[in-house]
Every structure is written in structure tokens, then in C-alpha cells.
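The structure under discussion appears below in the form of C-alpha cells.
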Protein chains: 2
Amino acid sequence: MDHLEKRAKRWSLEEVREYLLQHDIRISAYRLKIFEYLINERTHPTAEEIYEVIKRDLPAISPATVYNTLRLFLEKKIVQLVSVEKNEGRYDATLSWHGHLKCLACGKVFDLHIETLKLDGLEGFEIFEKHLNLKGLCPECLKTKNFKREGKHG
Amino acid sequence: MDHLEKRAKRWSLEEVREYLLQHDIRISAYRLKIFEYLINERTHPTAEEIYEVIKRDLPAISPATVYNTLRLFLEKKIVQLVSVEKNEGRYDATLSWHGHLKCLACGKVFDLHIETLKLDGLEGFEIFEKHLNLKGLCPECLKTKNFKREGKHG
DNA sequence: ATACTATATTATAATCGTTATTAAATTATA
DNA sequence: TATAATTTAATAACGATTATAATATAGTAT
Ligand SMILES: [Mn+2]
Ligand SMILES: [Mn+2]
Ligand SMILES: [Zn+2]
Ligand SMILES: [Zn+2]
């Protein structure tokens, strides 16, 4: 929940470098940039969005590098894949247990603090990953685009 | 949770026909078969799996029909899309609120009864969909394929 | 039943996000 | 250096799904 604060402390490039090395990831300019973006912005970007952002500073980057890097980060378990929509992968450097809500109007993905979750019938199972994904409308969009409130879930 | 019982009552073709008509869906042999399969088997099949199963009885069916039909069922809200893995869509005619666990060894998708879920910070949001997806190993696979138990989550 | 209309189905091409391939560039090591 | 290992970029390939367009089927009116 520390990481879910709106104002988490920014990581310096040096801290990112240390973190990557600690996780057995060799350093490159792209890797530093990509992880620094994920950890400091925390907007759950898609690979495409990351590509566009990094390209501003390092125009020679290719989409393949973004995909390669994200796959590496997933393997090394320093990012998690968030897929609220089946067709779009989003990446999150926040690893603590939390849920996600995607606003169907603006596309933003919000972090959710999960107070309690109790499940039945998991005796004998081994759990590796848990994902809680909601779809809805954010307060901003509900106001400005005045959608009607009519969903069922609380 | 009625629907999560291992032995839910089977729907007759006549009941399926009624249900489709009630939901503004015109009847066809394929639609009856596909929904009957989803509601009576409840194995969360992929489109591909549905195609293979229906083909046994109706060999002329095309994959496009399965996709068309599933898309229609989603629009009419008589099935829900389950996507534990980002790249594979699975379909579920059980609409009551429950979670899913995919066994990474055998691929089976299990229903989970959710006892309680409390979320923070949803004031002002409008929620349309909630999905809880776990990945892990089922008791069967833990036994027969003797994986080591080492996951962190409870 | 016939004609007419609307819908369902099929085959196929197209799309989209991602992965695989491979050669060139970069970095690490001897 | 030389040499080996890794990273990157361009491109092709892939798998799931959607779009297109032609044909088949079903519904309705005469
Ligand atoms: Mn997050
Ligand atoms: Mn289910
Ligand atoms: Zn919004
Ligand atoms: Zn299993």
C-alpha cells in the first residue's frame, strides 16, 4: 500500500541501476529508461505506450526492444502483467498485492487497495498469482462526460 | 453459488431454447448446441475447444460461427468472458459473482466461491465488471505430478 | 407454395498484439 | 586487443480474433 500512494518517492537512475543489478539484469540505457518509467510513473502503460515515451529521448529504440525488455522484467519478476482487457497487456512495477480498475471512458487504470479477500475451496491448491480486475467509470469521467449511473455491483 | 455446485441440474434443450428466446436471441442448431454445452459442462472452454466439441455432432460448423455465437452471447450478456491468461479467452455461462483459478499444469479452470471482498477507494467510481483470476496448481496435479510446494500466497 | 426480406453461416482475408529469427551493434572477458 | 557473450533492430511469423462478402437458411407476407 506504500506503493499505492499517489506521491511515492521517485527512484533515481542510480537506484534503478542497483535494483536491476540486484535482480540479475544487465544494464543498458533502454532497460534503465524503461524501468525508471514504470517505477516512477506507475500508469500501467502498454508496450506501445512505453515505446512512444522512450522514443522521445532515445529515438532509435525499436518496439522489439520494449517487448524483449518487458519479457525480461517479467521473467525476473520485477514487473507484473496487468490485463484488465484480454487484448492489451499493461505493465506494473508495483508488486504488492493490489487490484486494478480500468475506466472504460478514459482508459486509465487505477490501483485498488484490497482490504479483505476471503476465498472458499482452495484447500489443496497451490497459488502463484492473484489478479483482481474491475471495469467501470472513474469519477472524473462520470462528472465530465455525464454518464448515467446504472451498474449493479457495489 | 448454486451454479458452483459440482452437480448442478442439467438444462434440457427446451430450457436452453426458452432462455435464448427470453434474451432476444434467435434459435439455430449451433446456438442451441453451444449454449447447452456451456451451461451443462461449465468447463470454461476456449472457442477452439467449443468448435472441436460441436464438430463431433455437427461437422459442418466453422470456427467463425463459434466466434460469432460467443460474441453474440457476450453482447446479450448470457455468458461472461474469463481471461486468466491474456492470450486465451474462455467462456462461462455462470453469471453469478465468483472467481477462477487456472491450474498451470493441467490447464483446467476452477470456480472459486468468494466469501468476502472489501475494497478501498472506490468512492465515486461506477463498477460494471469484477474479475478475480488466480493461477496455480490443482490438488490433482500437485499429487500426481509431484510439484514442490513453494508459492507465497495463501 | 412463392416471393421477398432478414438473418445466420461459411470461407477467407485482415488485424492486432506479441514472439521468433537473425544479423549487426554493443558489452564483457581473456 | 581478440574473443565470446549479450543486446538490439528489422523483419517475418504467429495465434486469437474480427471483418468482409458471398451463400444458405429462416421468417414473413402474398
Ligand atoms: Mn497497479
Ligand atoms: Mn466460472
Ligand atoms: Zn475515466
Ligand atoms: Zn491441475
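Within each chain, counting starts at residue 1; across the C-alpha cells, chains are named A, B, ... in the order shown, with ligands numbered 1 upward in that order.
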
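Residue-level contact on chain C: within 10 Å of chain A, counting only C-alpha atoms (C1' of nucleotides), the set is DC16, DG17, DT18, DT19, DT26 and DT27 of chain C.
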
Handout entry: Contacts of ligand 4, 8 Å or closer, only C-alpha atoms (C1' of nucleotides) and all ligand atoms, given as a PyMOL selection string
Key = chain B and resi 102-108+137-142

Fill in the blank from the handout: atom CA of Glu14 of chain A sits from atom CA of Thr46 of chain A at a separation of 24.7 Å

Problem - chain A contacts on chain D, only C-alpha atoms (C1' of nucleotides), 10 Å, as a PyMOL selection string - result: chain D and resi 6-10+16-17

Practice task
Could the residues of chain B within 10 Å of chain A, counting only C-alpha atoms, be given as number ranges by chain, please?
Solution key: B: 81-89, 97-104, 110-143, 147-154
